[in-house]
Structures are given as structure tokens and as C-alpha cells.
file data_35.txt (compact mmCIF, N, CA and C atoms)
# COMPACT_ATOMS: atom_id res chain seq x y z
N MET A 1 -194.26 113.59 51.37
CA MET A 1 -193.83 112.38 52.04
C MET A 1 -194.39 112.32 53.46
N LYS A 2 -194.39 113.48 54.14
CA LYS A 2 -194.92 113.52 55.50
C LYS A 2 -196.41 113.21 55.51
N ASN A 3 -197.10 113.69 54.48
CA ASN A 3 -198.54 113.43 54.40
C ASN A 3 -198.83 111.93 54.23
N LYS A 4 -198.00 111.26 53.44
CA LYS A 4 -198.19 109.83 53.23
C LYS A 4 -197.94 109.06 54.52
N ILE A 5 -196.91 109.44 55.26
CA ILE A 5 -196.61 108.77 56.53
C ILE A 5 -197.73 109.03 57.53
N PHE A 6 -198.19 110.29 57.58
CA PHE A 6 -199.28 110.63 58.49
C PHE A 6 -200.54 109.85 58.14
N LEU A 7 -200.85 109.75 56.86
CA LEU A 7 -202.02 109.01 56.42
C LEU A 7 -201.89 107.52 56.75
N PHE A 8 -200.69 106.98 56.55
CA PHE A 8 -200.44 105.57 56.89
C PHE A 8 -200.64 105.32 58.38
N LEU A 9 -200.10 106.20 59.22
CA LEU A 9 -200.25 106.05 60.67
C LEU A 9 -201.71 106.19 61.09
N LEU A 10 -202.42 107.10 60.46
CA LEU A 10 -203.82 107.30 60.78
C LEU A 10 -204.65 106.06 60.43
N VAL A 11 -204.41 105.50 59.25
CA VAL A 11 -205.14 104.31 58.82
C VAL A 11 -204.78 103.11 59.69
N SER A 12 -203.50 102.95 60.01
CA SER A 12 -203.11 101.81 60.84
C SER A 12 -203.66 101.95 62.26
N ALA A 13 -203.71 103.17 62.80
CA ALA A 13 -204.30 103.37 64.12
C ALA A 13 -205.79 103.07 64.10
N TYR A 14 -206.44 103.41 63.01
CA TYR A 14 -207.87 103.14 62.89
C TYR A 14 -208.13 101.63 62.86
N THR A 15 -207.32 100.91 62.10
CA THR A 15 -207.55 99.46 62.01
C THR A 15 -207.19 98.75 63.31
N ILE A 16 -206.22 99.27 64.04
CA ILE A 16 -205.85 98.65 65.32
C ILE A 16 -206.96 98.87 66.34
N ASN A 17 -207.54 100.05 66.38
CA ASN A 17 -208.54 100.38 67.38
C ASN A 17 -209.97 100.20 66.90
N SER A 18 -210.16 99.56 65.77
CA SER A 18 -211.52 99.41 65.26
C SER A 18 -212.31 98.43 66.13
N GLN A 19 -213.62 98.58 66.12
CA GLN A 19 -214.49 97.75 66.95
C GLN A 19 -214.76 96.38 66.33
N GLU A 20 -214.45 96.23 65.08
CA GLU A 20 -214.67 94.95 64.41
C GLU A 20 -213.67 93.94 64.95
N LYS A 21 -214.17 92.81 65.38
CA LYS A 21 -213.31 91.79 65.97
C LYS A 21 -213.29 90.58 65.05
N SER A 22 -212.12 90.03 64.89
CA SER A 22 -212.02 88.84 64.07
C SER A 22 -212.11 87.61 64.96
N ILE A 23 -212.15 86.47 64.33
CA ILE A 23 -212.31 85.23 65.08
C ILE A 23 -211.09 84.93 65.95
N ASN A 24 -209.92 85.40 65.57
CA ASN A 24 -208.71 85.08 66.31
C ASN A 24 -208.61 85.83 67.62
N ASP A 25 -209.41 86.87 67.84
CA ASP A 25 -209.38 87.59 69.11
C ASP A 25 -210.02 86.77 70.23
N TYR A 26 -210.94 85.91 69.90
CA TYR A 26 -211.68 85.15 70.89
C TYR A 26 -211.24 83.69 71.00
N PHE A 27 -210.69 83.16 69.93
CA PHE A 27 -210.42 81.73 69.87
C PHE A 27 -208.95 81.47 69.57
N THR A 28 -208.46 80.33 70.05
CA THR A 28 -207.10 79.92 69.73
C THR A 28 -207.07 79.35 68.32
N LYS A 29 -205.87 79.12 67.81
CA LYS A 29 -205.74 78.59 66.46
C LYS A 29 -206.36 77.20 66.34
N LYS A 30 -206.20 76.39 67.38
CA LYS A 30 -206.78 75.05 67.34
C LYS A 30 -208.30 75.10 67.36
N GLU A 31 -208.87 76.03 68.13
CA GLU A 31 -210.32 76.17 68.15
C GLU A 31 -210.84 76.65 66.80
N VAL A 32 -210.11 77.56 66.17
CA VAL A 32 -210.50 78.04 64.84
C VAL A 32 -210.46 76.88 63.85
N LYS A 33 -209.41 76.05 63.95
CA LYS A 33 -209.29 74.90 63.06
C LYS A 33 -210.46 73.93 63.27
N ASN A 34 -210.81 73.68 64.54
CA ASN A 34 -211.93 72.79 64.84
C ASN A 34 -213.25 73.35 64.32
N LEU A 35 -213.44 74.67 64.45
CA LEU A 35 -214.68 75.28 63.95
C LEU A 35 -214.73 75.28 62.43
N ASN A 36 -213.59 75.47 61.78
CA ASN A 36 -213.56 75.45 60.32
C ASN A 36 -213.85 74.06 59.77
N GLN A 37 -213.49 73.02 60.51
CA GLN A 37 -213.77 71.66 60.07
C GLN A 37 -215.26 71.35 60.09
N LEU A 38 -216.02 72.13 60.84
CA LEU A 38 -217.46 71.90 60.94
C LEU A 38 -218.25 72.65 59.87
N ASN A 39 -217.56 73.38 59.00
CA ASN A 39 -218.17 74.10 57.88
C ASN A 39 -219.22 75.10 58.33
N LEU A 40 -218.91 75.85 59.37
CA LEU A 40 -219.81 76.91 59.83
C LEU A 40 -219.53 78.17 59.03
N SER A 41 -220.56 78.91 58.70
CA SER A 41 -220.38 80.16 57.95
C SER A 41 -220.24 81.31 58.96
N LEU A 42 -219.02 81.55 59.40
CA LEU A 42 -218.75 82.59 60.39
C LEU A 42 -218.25 83.88 59.76
N ASN A 43 -218.37 84.01 58.45
CA ASN A 43 -217.83 85.18 57.76
C ASN A 43 -218.54 86.47 58.16
N ASN A 44 -219.84 86.45 58.32
CA ASN A 44 -220.60 87.66 58.61
C ASN A 44 -220.89 87.85 60.09
N TYR A 45 -220.43 86.95 60.92
CA TYR A 45 -220.69 87.05 62.36
C TYR A 45 -219.67 88.00 62.99
N THR A 46 -220.13 88.90 63.86
CA THR A 46 -219.26 89.94 64.43
C THR A 46 -218.67 89.60 65.78
N PHE A 47 -219.05 88.49 66.40
CA PHE A 47 -218.50 88.02 67.68
C PHE A 47 -218.77 88.98 68.82
N ASN A 48 -219.90 89.65 68.82
CA ASN A 48 -220.28 90.54 69.92
C ASN A 48 -221.10 89.83 70.98
N ASP A 49 -221.72 88.74 70.65
CA ASP A 49 -222.57 88.00 71.58
C ASP A 49 -221.70 87.05 72.41
N VAL A 50 -221.54 87.37 73.69
CA VAL A 50 -220.65 86.60 74.57
C VAL A 50 -221.17 85.18 74.77
N ASP A 51 -222.47 85.04 74.95
CA ASP A 51 -223.04 83.70 75.16
C ASP A 51 -222.86 82.81 73.94
N PHE A 52 -223.04 83.40 72.77
CA PHE A 52 -222.86 82.61 71.55
C PHE A 52 -221.40 82.25 71.34
N ASN A 53 -220.48 83.14 71.74
CA ASN A 53 -219.06 82.81 71.66
C ASN A 53 -218.73 81.63 72.56
N LYS A 54 -219.38 81.58 73.73
CA LYS A 54 -219.18 80.43 74.63
C LYS A 54 -219.71 79.15 73.99
N ASP A 55 -220.82 79.27 73.29
CA ASP A 55 -221.36 78.09 72.59
C ASP A 55 -220.41 77.62 71.49
N LEU A 56 -219.81 78.56 70.78
CA LEU A 56 -218.84 78.19 69.75
C LEU A 56 -217.61 77.52 70.37
N LYS A 57 -217.14 78.05 71.51
CA LYS A 57 -216.01 77.44 72.20
C LYS A 57 -216.35 76.03 72.67
N GLU A 58 -217.57 75.86 73.16
CA GLU A 58 -218.01 74.54 73.61
C GLU A 58 -218.10 73.57 72.43
N LEU A 59 -218.55 74.05 71.30
CA LEU A 59 -218.62 73.23 70.10
C LEU A 59 -217.23 72.79 69.67
N ALA A 60 -216.27 73.72 69.69
CA ALA A 60 -214.89 73.37 69.34
C ALA A 60 -214.32 72.37 70.33
N TYR A 61 -214.67 72.52 71.60
CA TYR A 61 -214.19 71.60 72.64
C TYR A 61 -214.73 70.19 72.41
N TYR A 62 -216.02 70.07 72.13
CA TYR A 62 -216.61 68.75 71.88
C TYR A 62 -215.99 68.10 70.65
N ASN A 63 -215.73 68.87 69.63
CA ASN A 63 -215.11 68.33 68.42
C ASN A 63 -213.70 67.84 68.73
N LYS A 64 -212.95 68.61 69.51
CA LYS A 64 -211.59 68.21 69.87
C LYS A 64 -211.59 66.94 70.71
N LYS A 65 -212.46 66.89 71.72
CA LYS A 65 -212.52 65.71 72.58
C LYS A 65 -212.98 64.48 71.80
N ARG A 66 -213.90 64.66 70.88
CA ARG A 66 -214.38 63.55 70.06
C ARG A 66 -213.24 62.96 69.24
N LYS A 67 -212.43 63.83 68.64
CA LYS A 67 -211.31 63.35 67.83
C LYS A 67 -210.25 62.67 68.69
N GLN A 68 -209.98 63.22 69.88
CA GLN A 68 -209.00 62.59 70.77
C GLN A 68 -209.47 61.21 71.21
N ASN A 69 -210.72 61.10 71.60
CA ASN A 69 -211.25 59.80 72.02
C ASN A 69 -211.23 58.79 70.88
N LYS A 70 -211.50 59.26 69.69
CA LYS A 70 -211.50 58.38 68.53
C LYS A 70 -210.10 57.83 68.27
N VAL A 71 -209.10 58.69 68.36
CA VAL A 71 -207.72 58.26 68.14
C VAL A 71 -207.30 57.24 69.19
N TRP A 72 -207.55 57.56 70.46
CA TRP A 72 -207.14 56.64 71.53
C TRP A 72 -207.89 55.32 71.45
N SER A 73 -209.15 55.35 71.10
CA SER A 73 -209.90 54.09 71.01
C SER A 73 -209.34 53.20 69.90
N TYR A 74 -209.00 53.80 68.76
CA TYR A 74 -208.45 53.00 67.68
C TYR A 74 -207.04 52.51 67.99
N VAL A 75 -206.25 53.32 68.68
CA VAL A 75 -204.89 52.89 69.05
C VAL A 75 -204.96 51.71 70.02
N LEU A 76 -205.79 51.82 71.05
CA LEU A 76 -205.89 50.75 72.04
C LEU A 76 -206.50 49.48 71.46
N SER A 77 -207.54 49.61 70.65
CA SER A 77 -208.13 48.41 70.06
C SER A 77 -207.21 47.80 69.01
N GLY A 78 -206.46 48.61 68.30
CA GLY A 78 -205.48 48.09 67.34
C GLY A 78 -204.36 47.34 68.03
N THR A 79 -203.91 47.87 69.17
CA THR A 79 -202.89 47.17 69.95
C THR A 79 -203.44 45.85 70.49
N GLY A 80 -204.68 45.87 70.94
CA GLY A 80 -205.31 44.63 71.41
C GLY A 80 -205.43 43.61 70.30
N ALA A 81 -205.79 44.04 69.10
CA ALA A 81 -205.89 43.12 67.97
C ALA A 81 -204.52 42.56 67.60
N PHE A 82 -203.50 43.41 67.66
CA PHE A 82 -202.14 42.95 67.36
C PHE A 82 -201.69 41.90 68.38
N LEU A 83 -201.96 42.15 69.67
CA LEU A 83 -201.57 41.19 70.70
C LEU A 83 -202.35 39.89 70.56
N LEU A 84 -203.61 39.97 70.20
CA LEU A 84 -204.42 38.77 69.98
C LEU A 84 -203.86 37.96 68.81
N ALA A 85 -203.53 38.64 67.72
CA ALA A 85 -202.96 37.95 66.56
C ALA A 85 -201.61 37.33 66.91
N THR A 86 -200.81 38.03 67.68
CA THR A 86 -199.51 37.50 68.10
C THR A 86 -199.70 36.27 68.98
N GLY A 87 -200.69 36.32 69.87
CA GLY A 87 -200.97 35.17 70.71
C GLY A 87 -201.44 33.97 69.91
N LEU A 88 -202.18 34.21 68.84
CA LEU A 88 -202.63 33.10 67.99
C LEU A 88 -201.49 32.50 67.18
N VAL A 89 -200.52 33.32 66.82
CA VAL A 89 -199.41 32.87 66.00
C VAL A 89 -198.41 32.04 66.81
N ILE A 90 -198.25 32.37 68.07
CA ILE A 90 -197.27 31.67 68.90
C ILE A 90 -197.65 30.19 68.98
N ASP A 91 -196.67 29.36 68.73
CA ASP A 91 -196.89 27.92 68.78
C ASP A 91 -196.92 27.47 70.24
N ALA A 92 -198.01 26.87 70.66
CA ALA A 92 -198.17 26.46 72.05
C ALA A 92 -197.37 25.21 72.39
N GLY A 93 -196.88 24.51 71.40
CA GLY A 93 -196.17 23.26 71.65
C GLY A 93 -194.76 23.45 72.18
N LYS A 94 -194.19 24.61 72.01
CA LYS A 94 -192.81 24.82 72.46
C LYS A 94 -192.79 25.07 73.97
N ASP A 95 -191.85 24.44 74.64
CA ASP A 95 -191.72 24.63 76.09
C ASP A 95 -191.12 25.99 76.43
N SER A 96 -190.32 26.56 75.53
CA SER A 96 -189.69 27.85 75.82
C SER A 96 -190.69 29.00 75.79
N GLN A 97 -191.84 28.78 75.18
CA GLN A 97 -192.86 29.82 75.07
C GLN A 97 -193.93 29.68 76.16
N HIS A 98 -193.61 28.98 77.23
CA HIS A 98 -194.59 28.69 78.28
C HIS A 98 -195.14 29.99 78.89
N GLY A 99 -196.43 30.18 78.82
CA GLY A 99 -197.08 31.32 79.44
C GLY A 99 -197.21 32.55 78.55
N TYR A 100 -196.44 32.62 77.47
CA TYR A 100 -196.50 33.81 76.62
C TYR A 100 -197.83 33.92 75.88
N LYS A 101 -198.34 32.77 75.47
CA LYS A 101 -199.59 32.79 74.72
C LYS A 101 -200.74 33.29 75.60
N SER A 102 -200.83 32.78 76.81
CA SER A 102 -201.89 33.24 77.71
C SER A 102 -201.67 34.70 78.12
N LEU A 103 -200.41 35.10 78.23
CA LEU A 103 -200.10 36.51 78.54
C LEU A 103 -200.55 37.42 77.40
N MET A 104 -200.37 36.97 76.18
CA MET A 104 -200.82 37.76 75.02
C MET A 104 -202.34 37.89 75.02
N TYR A 105 -203.04 36.80 75.33
CA TYR A 105 -204.50 36.85 75.40
C TYR A 105 -204.97 37.80 76.50
N LEU A 106 -204.32 37.72 77.64
CA LEU A 106 -204.69 38.57 78.77
C LEU A 106 -204.45 40.05 78.43
N ASN A 107 -203.28 40.36 77.87
CA ASN A 107 -202.98 41.75 77.49
C ASN A 107 -203.94 42.24 76.41
N SER A 108 -204.29 41.36 75.49
CA SER A 108 -205.23 41.73 74.44
C SER A 108 -206.59 42.10 75.04
N ALA A 109 -207.04 41.31 76.00
CA ALA A 109 -208.32 41.60 76.66
C ALA A 109 -208.25 42.92 77.43
N VAL A 110 -207.10 43.18 78.06
CA VAL A 110 -206.94 44.44 78.80
C VAL A 110 -207.00 45.63 77.85
N TYR A 111 -206.31 45.54 76.72
CA TYR A 111 -206.32 46.65 75.76
C TYR A 111 -207.70 46.85 75.14
N PHE A 112 -208.37 45.75 74.80
CA PHE A 112 -209.73 45.88 74.28
C PHE A 112 -210.65 46.51 75.31
N GLY A 113 -210.51 46.09 76.56
CA GLY A 113 -211.33 46.65 77.63
C GLY A 113 -211.02 48.12 77.87
N ALA A 114 -209.75 48.50 77.75
CA ALA A 114 -209.37 49.90 77.95
C ALA A 114 -209.87 50.79 76.83
N SER A 115 -210.10 50.23 75.65
CA SER A 115 -210.57 51.05 74.53
C SER A 115 -212.07 51.35 74.61
N ILE A 116 -212.81 50.58 75.38
CA ILE A 116 -214.26 50.74 75.45
C ILE A 116 -214.68 52.13 75.95
N PRO A 117 -214.09 52.64 77.06
CA PRO A 117 -214.50 53.99 77.50
C PRO A 117 -214.22 55.08 76.46
N PHE A 118 -213.17 54.89 75.67
CA PHE A 118 -212.87 55.88 74.64
C PHE A 118 -213.89 55.82 73.50
N PHE A 119 -214.33 54.62 73.13
CA PHE A 119 -215.40 54.51 72.13
C PHE A 119 -216.69 55.15 72.64
N VAL A 120 -217.02 54.89 73.90
CA VAL A 120 -218.23 55.47 74.50
C VAL A 120 -218.11 56.99 74.57
N GLY A 121 -216.93 57.49 74.99
CA GLY A 121 -216.71 58.93 75.04
C GLY A 121 -216.81 59.58 73.68
N ASN A 122 -216.33 58.89 72.66
CA ASN A 122 -216.43 59.39 71.29
C ASN A 122 -217.89 59.54 70.89
N ILE A 123 -218.69 58.54 71.20
CA ILE A 123 -220.12 58.58 70.84
C ILE A 123 -220.84 59.69 71.60
N LYS A 124 -220.54 59.82 72.90
CA LYS A 124 -221.19 60.86 73.70
C LYS A 124 -220.82 62.26 73.22
N ASN A 125 -219.53 62.49 72.95
CA ASN A 125 -219.11 63.81 72.49
C ASN A 125 -219.66 64.10 71.10
N LYS A 126 -219.80 63.08 70.27
CA LYS A 126 -220.37 63.28 68.95
C LYS A 126 -221.84 63.70 69.06
N ARG A 127 -222.57 63.06 69.98
CA ARG A 127 -223.98 63.40 70.20
C ARG A 127 -224.11 64.83 70.73
N ARG A 128 -223.26 65.17 71.71
CA ARG A 128 -223.29 66.54 72.26
C ARG A 128 -222.95 67.57 71.19
N MET A 129 -221.94 67.22 70.36
CA MET A 129 -221.52 68.14 69.32
C MET A 129 -222.64 68.35 68.30
N ARG A 130 -223.36 67.29 67.95
CA ARG A 130 -224.47 67.42 66.99
C ARG A 130 -225.57 68.33 67.53
N LYS A 131 -225.91 68.14 68.81
CA LYS A 131 -226.94 69.00 69.41
C LYS A 131 -226.51 70.45 69.42
N LYS A 132 -225.27 70.69 69.82
CA LYS A 132 -224.76 72.06 69.88
C LYS A 132 -224.62 72.64 68.48
N LEU A 133 -224.25 71.81 67.51
CA LEU A 133 -224.09 72.28 66.14
C LEU A 133 -225.43 72.71 65.55
N LEU A 134 -226.49 71.98 65.84
CA LEU A 134 -227.82 72.39 65.37
C LEU A 134 -228.21 73.74 65.96
N PHE A 135 -227.95 73.91 67.24
CA PHE A 135 -228.26 75.18 67.90
C PHE A 135 -227.42 76.32 67.31
N VAL A 136 -226.13 76.08 67.10
CA VAL A 136 -225.24 77.11 66.59
C VAL A 136 -225.62 77.50 65.16
N GLU A 137 -225.92 76.51 64.32
CA GLU A 137 -226.30 76.83 62.94
C GLU A 137 -227.60 77.62 62.89
N GLU A 138 -228.55 77.25 63.75
CA GLU A 138 -229.81 77.99 63.80
C GLU A 138 -229.59 79.42 64.27
N LYS A 139 -228.76 79.59 65.28
CA LYS A 139 -228.47 80.92 65.80
C LYS A 139 -227.71 81.76 64.77
N LEU A 140 -226.77 81.13 64.05
CA LEU A 140 -226.04 81.86 63.00
C LEU A 140 -226.99 82.35 61.92
N ASN A 141 -227.96 81.54 61.56
CA ASN A 141 -228.92 81.95 60.53
C ASN A 141 -229.76 83.13 60.99
N THR A 142 -230.09 83.20 62.28
CA THR A 142 -230.88 84.33 62.78
C THR A 142 -230.03 85.58 62.95
N LEU A 143 -228.74 85.41 63.25
CA LEU A 143 -227.87 86.57 63.46
C LEU A 143 -227.43 87.21 62.15
N GLN A 144 -227.40 86.44 61.08
CA GLN A 144 -226.89 86.98 59.82
C GLN A 144 -227.98 87.55 58.96
call {"tool": "encode", "arguments": {"input": "data_35.txt", "output": "C-alpha cells"}}
result
Amino acid sequence: MKNKIFLFLLVSAYTINSQEKSINDYFTKKEVKNLNQLNLSLNNYTFNDVDFNKDLKELAYYNKKRKQNKVWSYVLSGTGAFLLATGLVIDAGKDSQHGYKSLMYLNSAVYFGASIPFFVGNIKNKRRMRKKLLFVEEKLNTLQ
């Protein structure tokens, strides 16, 4: 029984102090999720190259920012479309609705205008991510 416990402790100490590093030692769970969505083959990569790890982190960052900008752009433009539709539905003939229709149009224009930088940011981050992804895939092929 003592031999089994000693062997277990020896094996567990070896695995704890081994030089092999997994992806979770360098990256957060969200970064791992972002990298896995890009279908990179990181199974054989040992994560010893610090510069390449920075490139992977940058790739995960661009993917995250691209998705955030995409969500915000669709939320703001959807709200603008809803306000525009509401402004069109309001009957202008009623005196009690004075000014609401023009207010809806104005708010719709503001929301549409606010969504433009997010659409542009989405496109820029997508372009940056593609460039970095080409570099990362090429480097992964040479490292493996």
C-alpha cells in the first residue's frame, strides 16, 4: 500500500512539475474559446515561443473585439429601425401626438449614426484578424 501511495505521489509530482505547458497556462478561458472558434490546430504546439503566444493573444483579442462591435452595431441599428418604424406608424393628424413623430425620426437618425462606428470597427477588426490569422496558420505549419 505504501508503494502505491509513493508511486502515486511521484507521478503526480512529475506531472505538476513537467515542462509541457497546456494552453490554459498562457490564456484565459475566453481567449481559448475565441481561438477554438477560429479552428486553429494547436494540439501539437508546445507554447514555448513567447512572440507567437503574443500573436495568438492578439488574434483572440481581435476576434473578441470584432464580435463585440458586431453585436453593438446590430443592437443600435435595430433600435434605430424600430424607432423609425414607430415614427412611421404614429398618426400625424392627432394633436396629442404633437412632436412625437419628429422625435422618433430624430432618435432613429441618432441610433443609426451611433451604429456606424461599430460597423466600421467590426470591418477593421475583421481585416486585422484575417491578416494575423494567415500569419498564425503559416507559423503553426512551420512549427509542427
call {"tool": "atom_distance", "arguments": {"input": "data_35.txt", "atom1": "atom C of A:Ile90", "atom2": "atom N of A:Val110"}}
result
18.5 Å
call {"tool": "atom_distance", "arguments": {"input": "data_35.txt", "atom1": "atom CA of A:Leu103", "atom2": "atom CA of A:Ile116"}}
result
20.3 Å
call {"tool": "select_by_dssp", "arguments": {"input": "data_35.txt", "residues": "chain A", "states": "alpha helix (DSSP H)", "output": "ChimeraX atom specification"}}
result
/A:2-16,29-37,50-89,100-143
call {"tool": "residues_around", "arguments": {"input": "data_35.txt", "residues": "stretch 63-80 of chain A", "least_positions_apart": "6", "cutoff": "10 Å", "atoms": "only C-alpha atoms", "output": "count of residues only"}}
result
36
call {"tool": "atom_distance", "arguments": {"input": "data_35.txt", "atom1": "atom CA of A:Asp25", "atom2": "atom C of A:Ile5"}}
result
27.0 Å
call {"tool": "axis_aligned_box", "arguments": {"input": "data_35.txt", "around": "stretch 35-48 of chain A", "padding_each_side": "6 Å", "output": "AutoDock Vina command-line options"}}
result
--center_x -217.3 --center_y 80.9 --center_z 64.4 --size_x 19.7 --size_y 31.2 --size_z 25.2
